Amino acid sequence: MAERLSPAELERILSLDEFEPLARERMDPVGFEYVAGGSWDEISLREAAEAWRTKRFIPRVLTDVRSADPAGSFLGRLARIPVAMAPMAVQQLAHPDGEVEAVRGAAAAGIPYTLSTASSRSIEDVAAAAHDAERWFQLYLIDSLEYSRSLVERSTAAGYRAIILTVDLPVVGHRLRDLRSGFTFPPQPHVDQATQFRDSPYGAIAEQQELGLNWDRVGEIRTWTHLPVILKGILSPLDAARAADEGVTGIIVSTHGARQLDRVIAAAEALAPIVDAVAGRTEVWVDGGIRSGLDILMAFALGATGTLIGRPLYWALAAGGAAGIERAVAILHEETRIAMSLLGVERPGLLERSFIA
């Protein structure tokens, strides 16, 4: 496999799309296909990025953009750009140090990092690697409610600042690439007793249905911690309104990387109706197919208050380690800054639907 890119080679990368072929050259083929793949016919996977690209801006002119700044905020805390690194499993597939290397890259780039329950490094190891970073913990219910609660308590004790509860995986989607390749999760140290492979290559994560994740269970999980709880995987305005009624801190409009149900509405299409349904009662972040600064700003024009990016940052980790993630965020920062100036706004939060056709 190819060596990781040098700083000079990383500087020659000009768009996020360029990281994927570089990652393919550096990752085991089975692991690469696991990360790259969607479910069923991968229709939703193909549509995710294109849905952003079909939308059109209406820029304003003769506005003062001398102080244009693409900084954003999540949960009241500043980020260099309004992007967080989405939760992604077993990042050791991309880099030997896995999540430890990834959180260092996100911290150096000035964006929040989300640690997956299905990580290849422990909650505590990742916290120690970037003590002052904005870190969130993504929760699956695994093994038992008691064990799942212990993960929340450990992440709270380790200084993570939010719980991202994934709500769109009662069972694992029908992932044909994994069935063909024979992919199975590698060992995951901080959930060792819960990830015996049992009847699934995905371990205990495939058994969430048995633990009954429903609205009542969400309320119970919120009593486990003082941290804000964000629901990830909402596509229906009805579910979004219910989440706001229940008092959750935020929701993430997401198709789970198009890895769950195929032929679902793209996040770019689901976003505006969900923003309308919550009517400002929760933060609304969006995840899925975001590949450029233009996509970030389109999300804000549609009403999002933050965005998450997954696969491109995974590919950047594979291509260049922490420095690869820094380079990817630098590209997004420059794209967003230029696009804001051309749209006629000084802050992403000043965008609204009058800026889109």
# chains A, B, ... in the order shown; residues from 1 in each chain; ligands from 1
call {"tool": "residues_around", "arguments": {"residues": "A:Arg4", "least_positions_apart": "6", "cutoff": "10 Å", "atoms": "only C-alpha atoms", "output": "list in words"}}
result
Leu10, Leu22, Ala23, Glu25, Arg26, His95, Ala316, Leu317, Ala318, Ala319, Gly320, Gly321, Ala323 and Gly324 of chain A
call {"tool": "select_by_dssp", "arguments": {"residues": "stretch 27-80 of chain A", "states": "strand (DSSP E)", "output": "PyMOL selection string"}}
result
chain A and resi 72-74+77-79
call {"tool": "write_last_selection", "arguments": {"atoms": "N, CA and C atoms", "output": "compact mmCIF listing (two decimals), in the first residue's frame"}}
result
# COMPACT_ATOMS: atom_id res chain seq x y z
N GLY A 72 -18.33 28.97 12.70
CA GLY A 72 -19.66 28.56 13.12
C GLY A 72 -19.67 28.24 14.59
N SER A 73 -20.79 27.69 15.07
CA SER A 73 -20.87 27.28 16.47
C SER A 73 -21.79 26.07 16.57
N PHE A 74 -21.49 25.24 17.54
CA PHE A 74 -22.32 24.09 17.90
C PHE A 74 -22.54 24.14 19.40
N ARG A 77 -20.63 26.72 21.26
CA ARG A 77 -19.17 26.74 21.25
C ARG A 77 -18.68 26.98 19.83
N LEU A 78 -17.68 27.80 19.68
CA LEU A 78 -17.19 28.20 18.37
C LEU A 78 -16.44 27.06 17.68
N ALA A 79 -16.54 27.03 16.36
CA ALA A 79 -15.76 26.13 15.51
C ALA A 79 -15.20 26.95 14.36
call {"tool": "residues_around", "arguments": {"residues": "A:Ala272", "least_positions_apart": "2", "cutoff": "12 Å", "atoms": "only C-alpha atoms", "output": "ChimeraX atom specification"}}
result
/A:235-237,240,253,266-270,274-279,284-286,298-305,352-353,356
call {"tool": "residues_around", "arguments": {"residues": "stretch 36-38 of chain A", "least_positions_apart": "4", "cutoff": "8 Å", "atoms": "only C-alpha atoms", "output": "ChimeraX atom specification"}}
result
/A:32,42,44-45,175,177-178,257-260,262,311
call {"tool": "write_last_selection", "arguments": {"atoms": "N, CA and C atoms", "output": "compact mmCIF listing (two decimals), in the first residue's frame"}}
result
# COMPACT_ATOMS: atom_id res chain seq x y z
N PHE A 32 -11.85 -0.59 2.78
CA PHE A 32 -12.26 0.53 1.95
C PHE A 32 -13.70 0.36 1.48
N GLU A 42 -27.70 1.12 -3.60
CA GLU A 42 -26.92 2.34 -3.38
C GLU A 42 -27.47 3.54 -4.15
N SER A 44 -29.57 5.80 -2.83
CA SER A 44 -29.44 6.96 -1.93
C SER A 44 -28.00 7.41 -1.80
N LEU A 45 -27.06 6.47 -1.88
CA LEU A 45 -25.65 6.84 -1.82
C LEU A 45 -25.28 7.72 -3.00
N ARG A 175 -26.36 -4.48 3.32
CA ARG A 175 -25.14 -3.92 2.71
C ARG A 175 -24.46 -4.99 1.87
N ARG A 177 -22.12 -4.86 -0.42
CA ARG A 177 -20.65 -4.87 -0.54
C ARG A 177 -20.03 -5.69 0.58
N ASP A 178 -20.55 -5.54 1.80
CA ASP A 178 -19.99 -6.28 2.93
C ASP A 178 -20.28 -7.76 2.83
N GLY A 257 -25.27 7.97 6.08
CA GLY A 257 -24.36 7.69 4.98
C GLY A 257 -24.95 6.81 3.90
N ALA A 258 -26.28 6.79 3.81
CA ALA A 258 -27.00 5.93 2.85
C ALA A 258 -26.69 4.46 3.08
N ARG A 259 -26.45 4.09 4.34
CA ARG A 259 -26.07 2.72 4.68
C ARG A 259 -27.20 1.95 5.35
N GLN A 260 -28.34 2.59 5.54
CA GLN A 260 -29.46 1.92 6.19
C GLN A 260 -30.55 1.59 5.16
N ASP A 262 -32.33 2.08 1.73
CA ASP A 262 -32.08 2.70 0.43
C ASP A 262 -33.37 3.36 -0.07
N ARG A 311 -17.40 10.58 5.25
CA ARG A 311 -16.43 9.87 4.41
C ARG A 311 -15.26 10.72 3.93
call {"tool": "select_by_dssp", "arguments": {"residues": "stretch 261-320 of chain A", "states": "helix (DSSP H, G or I)", "output": "JSON, numbers by chain"}}
result
{"A": [267, 268, 269, 270, 271, 272, 273, 274, 275, 276, 277, 278, 293, 294, 295, 296, 297, 298, 299, 300, 301, 311, 312, 313, 314, 315, 316, 317, 318, 319, 320]}
call {"tool": "write_last_selection", "arguments": {"atoms": "N, CA and C atoms", "output": "mmCIF file, in the first residue's frame"}}
result
data_model
loop_
_atom_site.group_PDB
_atom_site.id
_atom_site.type_symbol
_atom_site.label_atom_id
_atom_site.label_comp_id
_atom_site.auth_asym_id
_atom_site.auth_seq_id
_atom_site.Cartn_x
_atom_site.Cartn_y
_atom_site.Cartn_z
ATOM 1 N N ALA A 267 -30.743 13.982 2.389
ATOM 2 C CA ALA A 267 -30.714 14.955 3.491
ATOM 3 C C ALA A 267 -30.931 16.374 2.986
ATOM 4 N N ALA A 268 -30.394 16.687 1.802
ATOM 5 C CA ALA A 268 -30.563 18.034 1.245
ATOM 6 C C ALA A 268 -32.025 18.350 0.964
ATOM 7 N N GLU A 269 -32.804 17.342 0.636
ATOM 8 C CA GLU A 269 -34.233 17.541 0.367
ATOM 9 C C GLU A 269 -35.061 17.503 1.648
ATOM 10 N N ALA A 270 -34.617 16.749 2.624
ATOM 11 C CA ALA A 270 -35.371 16.630 3.879
ATOM 12 C C ALA A 270 -35.196 17.838 4.785
ATOM 13 N N LEU A 271 -34.121 18.595 4.591
ATOM 14 C CA LEU A 271 -33.722 19.608 5.568
ATOM 15 C C LEU A 271 -34.756 20.707 5.777
ATOM 16 N N ALA A 272 -35.186 21.383 4.727
ATOM 17 C CA ALA A 272 -36.057 22.554 4.890
ATOM 18 C C ALA A 272 -37.376 22.210 5.587
ATOM 19 N N PRO A 273 -38.080 21.134 5.198
ATOM 20 C CA PRO A 273 -39.316 20.803 5.928
ATOM 21 C C PRO A 273 -39.081 20.512 7.404
ATOM 22 N N ILE A 274 -37.923 19.941 7.731
ATOM 23 C CA ILE A 274 -37.627 19.664 9.138
ATOM 24 C C ILE A 274 -37.351 20.960 9.894
ATOM 25 N N VAL A 275 -36.612 21.873 9.277
ATOM 26 C CA VAL A 275 -36.383 23.188 9.898
ATOM 27 C C VAL A 275 -37.719 23.855 10.203
ATOM 28 N N ASP A 276 -38.645 23.798 9.268
ATOM 29 C CA ASP A 276 -39.968 24.394 9.482
ATOM 30 C C ASP A 276 -40.697 23.702 10.628
ATOM 31 N N ALA A 277 -40.560 22.383 10.708
ATOM 32 C CA ALA A 277 -41.310 21.624 11.720
ATOM 33 C C ALA A 277 -40.825 21.927 13.126
ATOM 34 N N VAL A 278 -39.518 22.146 13.312
ATOM 35 C CA VAL A 278 -39.025 22.398 14.669
ATOM 36 C C VAL A 278 -39.146 23.862 15.054
ATOM 37 N N GLY A 293 -17.548 23.805 0.354
ATOM 38 C CA GLY A 293 -18.054 24.995 1.020
ATOM 39 C C GLY A 293 -19.391 25.440 0.470
ATOM 40 N N LEU A 294 -19.618 25.216 -0.818
ATOM 41 C CA LEU A 294 -20.922 25.562 -1.399
ATOM 42 C C LEU A 294 -22.038 24.740 -0.755
ATOM 43 N N ASP A 295 -21.776 23.457 -0.506
ATOM 44 C CA ASP A 295 -22.782 22.612 0.144
ATOM 45 C C ASP A 295 -23.061 23.100 1.565
ATOM 46 N N ILE A 296 -22.006 23.482 2.287
ATOM 47 C CA ILE A 296 -22.189 23.987 3.648
ATOM 48 C C ILE A 296 -23.109 25.208 3.642
ATOM 49 N N LEU A 297 -22.854 26.129 2.747
ATOM 50 C CA LEU A 297 -23.653 27.358 2.707
ATOM 51 C C LEU A 297 -25.060 27.096 2.199
ATOM 52 N N MET A 298 -25.230 26.139 1.297
ATOM 53 C CA MET A 298 -26.579 25.775 0.886
ATOM 54 C C MET A 298 -27.369 25.224 2.064
ATOM 55 N N ALA A 299 -26.703 24.429 2.914
ATOM 56 C CA ALA A 299 -27.372 23.902 4.091
ATOM 57 C C ALA A 299 -27.832 25.026 5.008
ATOM 58 N N PHE A 300 -27.001 26.053 5.178
ATOM 59 C CA PHE A 300 -27.388 27.176 6.027
ATOM 60 C C PHE A 300 -28.520 27.980 5.388
ATOM 61 N N ALA A 301 -28.498 28.148 4.079
ATOM 62 C CA ALA A 301 -29.593 28.855 3.417
ATOM 63 C C ALA A 301 -30.916 28.120 3.591
ATOM 64 N N ARG A 311 -17.403 10.580 5.248
ATOM 65 C CA ARG A 311 -16.434 9.869 4.408
ATOM 66 C C ARG A 311 -15.260 10.722 3.931
ATOM 67 N N PRO A 312 -15.449 11.958 3.443
ATOM 68 C CA PRO A 312 -14.276 12.706 2.974
ATOM 69 C C PRO A 312 -13.204 12.879 4.041
ATOM 70 N N LEU A 313 -13.590 13.007 5.309
ATOM 71 C CA LEU A 313 -12.603 13.138 6.371
ATOM 72 C C LEU A 313 -11.988 11.782 6.725
ATOM 73 N N TYR A 314 -12.747 10.710 6.550
ATOM 74 C CA TYR A 314 -12.182 9.361 6.685
ATOM 75 C C TYR A 314 -11.108 9.144 5.621
ATOM 76 N N TRP A 315 -11.414 9.535 4.377
ATOM 77 C CA TRP A 315 -10.433 9.395 3.297
ATOM 78 C C TRP A 315 -9.214 10.276 3.564
ATOM 79 N N ALA A 316 -9.438 11.466 4.089
ATOM 80 C CA ALA A 316 -8.318 12.355 4.408
ATOM 81 C C ALA A 316 -7.436 11.750 5.488
ATOM 82 N N LEU A 317 -8.040 11.084 6.476
ATOM 83 C CA LEU A 317 -7.280 10.398 7.513
ATOM 84 C C LEU A 317 -6.414 9.304 6.903
ATOM 85 N N ALA A 318 -6.989 8.546 5.981
ATOM 86 C CA ALA A 318 -6.230 7.477 5.327
ATOM 87 C C ALA A 318 -5.092 8.033 4.484
ATOM 88 N N ALA A 319 -5.333 9.140 3.820
ATOM 89 C CA ALA A 319 -4.339 9.704 2.904
ATOM 90 C C ALA A 319 -3.195 10.381 3.642
ATOM 91 N N GLY A 320 -3.489 11.074 4.739
ATOM 92 C CA GLY A 320 -2.450 11.885 5.372
ATOM 93 C C GLY A 320 -2.486 11.948 6.869
#
call {"tool": "atom_distance", "arguments": {"atom1": "atom CA of A:Ala133", "atom2": "atom CA of A:Ile251"}}
result
21.6 Å
call {"tool": "closest_residue", "arguments": {"among": "A:Met27, A:Ala51, A:Arg60, A:Ala322", "to": "A:Ala129", "atoms": "only C-alpha atoms"}}
result
A:Ala322
call {"tool": "residues_around", "arguments": {"residues": "stretch 337-350 of chain A", "least_positions_apart": "4", "cutoff": "6 Å", "atoms": "only C-alpha atoms", "output": "compact mmCIF listing (two decimals) with C-alpha atoms, in the first residue's frame"}}
result
# COMPACT_ATOMS: atom_id res chain seq x y z
CA PRO A 59 -26.50 36.05 -4.49
CA ARG A 60 -26.81 39.57 -3.13
CA VAL A 61 -24.46 42.36 -4.23
CA THR A 63 -22.95 44.34 0.68
CA VAL A 65 -18.11 41.52 3.08
CA ALA A 68 -16.41 37.63 5.91
CA ASP A 69 -15.71 34.83 8.39
CA PRO A 70 -16.87 31.22 7.94
call {"tool": "atom_distance", "arguments": {"atom1": "atom CA of A:Pro87", "atom2": "atom CA of A:Gly288"}}
result
12.0 Å
call {"tool": "residues_around", "arguments": {"residues": "A:Gly98", "least_positions_apart": "6", "cutoff": "12 Å", "atoms": "only C-alpha atoms", "output": "list in words"}}
result
Met88, Ala89, Val90, Gln91, Gln92, Arg104, Gly105, Leu115, Ser116, Ala118, Ser119, Ser120, Arg121, Ser122, Asp125, Val126, Ala129, Pro186, Gln188, Tyr314, Leu317, Ala318, Gly321 and Ala322 of chain A
call {"tool": "write_last_selection", "arguments": {"atoms": "N, CA and C atoms", "output": "mmCIF file, in the first residue's frame"}}
result
data_model
loop_
_atom_site.group_PDB
_atom_site.id
_atom_site.type_symbol
_atom_site.label_atom_id
_atom_site.label_comp_id
_atom_site.auth_asym_id
_atom_site.auth_seq_id
_atom_site.Cartn_x
_atom_site.Cartn_y
_atom_site.Cartn_z
ATOM 1 N N MET A 88 -17.891 7.813 12.763
ATOM 2 C CA MET A 88 -17.606 6.752 11.791
ATOM 3 C C MET A 88 -16.874 5.630 12.496
ATOM 4 N N ALA A 89 -17.244 4.408 12.180
ATOM 5 C CA ALA A 89 -16.748 3.243 12.903
ATOM 6 C C ALA A 89 -15.301 2.919 12.536
ATOM 7 N N VAL A 90 -14.674 2.187 13.433
ATOM 8 C CA VAL A 90 -13.374 1.527 13.275
ATOM 9 C C VAL A 90 -12.414 2.294 12.361
ATOM 10 N N GLN A 91 -11.974 3.451 12.830
ATOM 11 C CA GLN A 91 -11.102 4.292 12.011
ATOM 12 C C GLN A 91 -9.681 3.745 11.901
ATOM 13 N N GLN A 92 -9.417 2.645 12.589
ATOM 14 C CA GLN A 92 -8.146 1.958 12.406
ATOM 15 C C GLN A 92 -8.044 1.371 10.992
ATOM 16 N N ARG A 104 -6.937 14.147 16.883
ATOM 17 C CA ARG A 104 -5.858 15.140 16.828
ATOM 18 C C ARG A 104 -6.002 16.028 15.597
ATOM 19 N N GLY A 105 -6.347 15.426 14.479
ATOM 20 C CA GLY A 105 -6.538 16.217 13.266
ATOM 21 C C GLY A 105 -7.697 17.170 13.373
ATOM 22 N N LEU A 115 -16.892 10.647 18.421
ATOM 23 C CA LEU A 115 -16.387 9.286 18.576
ATOM 24 C C LEU A 115 -17.536 8.295 18.488
ATOM 25 N N SER A 116 -17.405 7.298 17.626
ATOM 26 C CA SER A 116 -18.423 6.272 17.465
ATOM 27 C C SER A 116 -18.345 5.235 18.579
ATOM 28 N N ALA A 118 -18.728 2.284 17.914
ATOM 29 C CA ALA A 118 -18.017 1.215 17.201
ATOM 30 C C ALA A 118 -16.598 1.637 16.851
ATOM 31 N N SER A 119 -15.909 2.266 17.772
ATOM 32 C CA SER A 119 -14.564 2.767 17.499
ATOM 33 C C SER A 119 -13.530 1.670 17.718
ATOM 34 N N SER A 120 -12.333 1.919 17.199
ATOM 35 C CA SER A 120 -11.221 0.990 17.397
ATOM 36 C C SER A 120 -10.284 1.428 18.512
ATOM 37 N N ARG A 121 -10.557 2.581 19.133
ATOM 38 C CA ARG A 121 -9.799 3.041 20.292
ATOM 39 C C ARG A 121 -10.785 3.418 21.396
ATOM 40 N N SER A 122 -10.339 3.394 22.617
ATOM 41 C CA SER A 122 -11.254 3.562 23.736
ATOM 42 C C SER A 122 -11.669 5.018 23.930
ATOM 43 N N ASP A 125 -8.795 6.790 25.730
ATOM 44 C CA ASP A 125 -7.605 7.042 24.904
ATOM 45 C C ASP A 125 -7.826 8.226 23.968
ATOM 46 N N VAL A 126 -9.005 8.305 23.389
ATOM 47 C CA VAL A 126 -9.304 9.406 22.472
ATOM 48 C C VAL A 126 -9.379 10.723 23.237
ATOM 49 N N ALA A 129 -5.896 11.954 23.964
ATOM 50 C CA ALA A 129 -5.146 12.382 22.785
ATOM 51 C C ALA A 129 -5.400 13.841 22.431
ATOM 52 N N PRO A 186 -13.350 -5.353 13.162
ATOM 53 C CA PRO A 186 -12.174 -5.723 13.958
ATOM 54 C C PRO A 186 -12.463 -5.512 15.443
ATOM 55 N N GLN A 188 -12.826 -4.106 19.161
ATOM 56 C CA GLN A 188 -13.070 -2.749 19.655
ATOM 57 C C GLN A 188 -12.918 -2.782 21.172
ATOM 58 N N TYR A 314 -12.747 10.710 6.550
ATOM 59 C CA TYR A 314 -12.182 9.361 6.685
ATOM 60 C C TYR A 314 -11.108 9.144 5.621
ATOM 61 N N LEU A 317 -8.040 11.084 6.476
ATOM 62 C CA LEU A 317 -7.280 10.398 7.513
ATOM 63 C C LEU A 317 -6.414 9.304 6.903
ATOM 64 N N ALA A 318 -6.989 8.546 5.981
ATOM 65 C CA ALA A 318 -6.230 7.477 5.327
ATOM 66 C C ALA A 318 -5.092 8.033 4.484
ATOM 67 N N GLY A 321 -3.266 11.083 7.522
ATOM 68 C CA GLY A 321 -3.362 11.133 8.970
ATOM 69 C C GLY A 321 -3.997 12.429 9.456
ATOM 70 N N ALA A 322 -3.594 12.872 10.637
ATOM 71 C CA ALA A 322 -4.146 14.115 11.195
ATOM 72 C C ALA A 322 -3.931 15.281 10.247
#
call {"tool": "residues_around", "arguments": {"residues": "A:Phe137", "least_positions_apart": "2", "cutoff": "12 Å", "atoms": "only C-alpha atoms", "output": "ChimeraX atom specification"}}
result
/A:85-88,103,112-119,122-124,126-127,134-135,139-140,148,151-166,225,227-232
call {"tool": "write_last_selection", "arguments": {"atoms": "C-alpha atoms", "output": "tab-separated table (two decimals), in the first residue's frame"}}
result
chain	number	residue	atom	x	y	z
A	85	MET	CA	-16.51	15.30	11.99
A	86	ALA	CA	-19.33	12.79	11.85
A	87	PRO	CA	-19.19	9.54	13.84
A	88	MET	CA	-17.61	6.75	11.79
A	103	VAL	CA	-9.28	13.50	16.95
A	112	PRO	CA	-15.67	19.11	16.76
A	113	TYR	CA	-14.97	15.38	16.66
A	114	THR	CA	-17.58	12.64	17.22
A	115	LEU	CA	-16.39	9.29	18.58
A	116	SER	CA	-18.42	6.27	17.46
A	117	THR	CA	-19.52	3.53	19.85
A	118	ALA	CA	-18.02	1.22	17.20
A	119	SER	CA	-14.56	2.77	17.50
A	122	SER	CA	-11.25	3.56	23.74
A	123	ILE	CA	-13.25	6.51	25.00
A	124	GLU	CA	-10.47	7.40	27.40
A	126	VAL	CA	-9.30	9.41	22.47
A	127	ALA	CA	-10.00	11.91	25.23
A	134	GLU	CA	-14.59	19.67	21.32
A	135	ARG	CA	-15.48	15.97	21.58
A	139	LEU	CA	-24.22	6.16	21.27
A	140	TYR	CA	-25.63	2.87	20.05
A	148	SER	CA	-24.95	1.32	27.28
A	151	LEU	CA	-20.59	4.14	27.98
A	152	VAL	CA	-22.49	7.40	28.50
A	153	GLU	CA	-21.12	7.73	32.01
A	154	ARG	CA	-17.57	7.03	30.84
A	155	SER	CA	-17.79	9.58	28.05
A	156	THR	CA	-19.24	12.15	30.45
A	157	ALA	CA	-16.42	11.53	32.93
A	158	ALA	CA	-13.84	11.77	30.13
A	159	GLY	CA	-14.95	15.26	29.13
A	160	TYR	CA	-17.07	14.61	26.06
A	161	ARG	CA	-19.56	17.45	25.70
A	162	ALA	CA	-22.59	15.90	24.00
A	163	ILE	CA	-24.24	12.54	23.38
A	164	ILE	CA	-25.17	11.89	19.76
A	165	LEU	CA	-27.85	9.20	19.92
A	166	THR	CA	-28.24	7.39	16.59
A	225	THR	CA	-26.26	12.40	31.81
A	227	LEU	CA	-24.90	16.49	28.67
A	228	PRO	CA	-27.03	17.67	25.75
A	229	VAL	CA	-28.55	14.81	23.76
A	230	ILE	CA	-28.73	15.10	19.96
A	231	LEU	CA	-30.83	12.66	17.90
A	232	LYS	CA	-29.07	11.57	14.70
call {"tool": "atom_distance", "arguments": {"atom1": "atom CA of A:His333", "atom2": "atom CA of A:Arg291"}}
result
12.1 Å
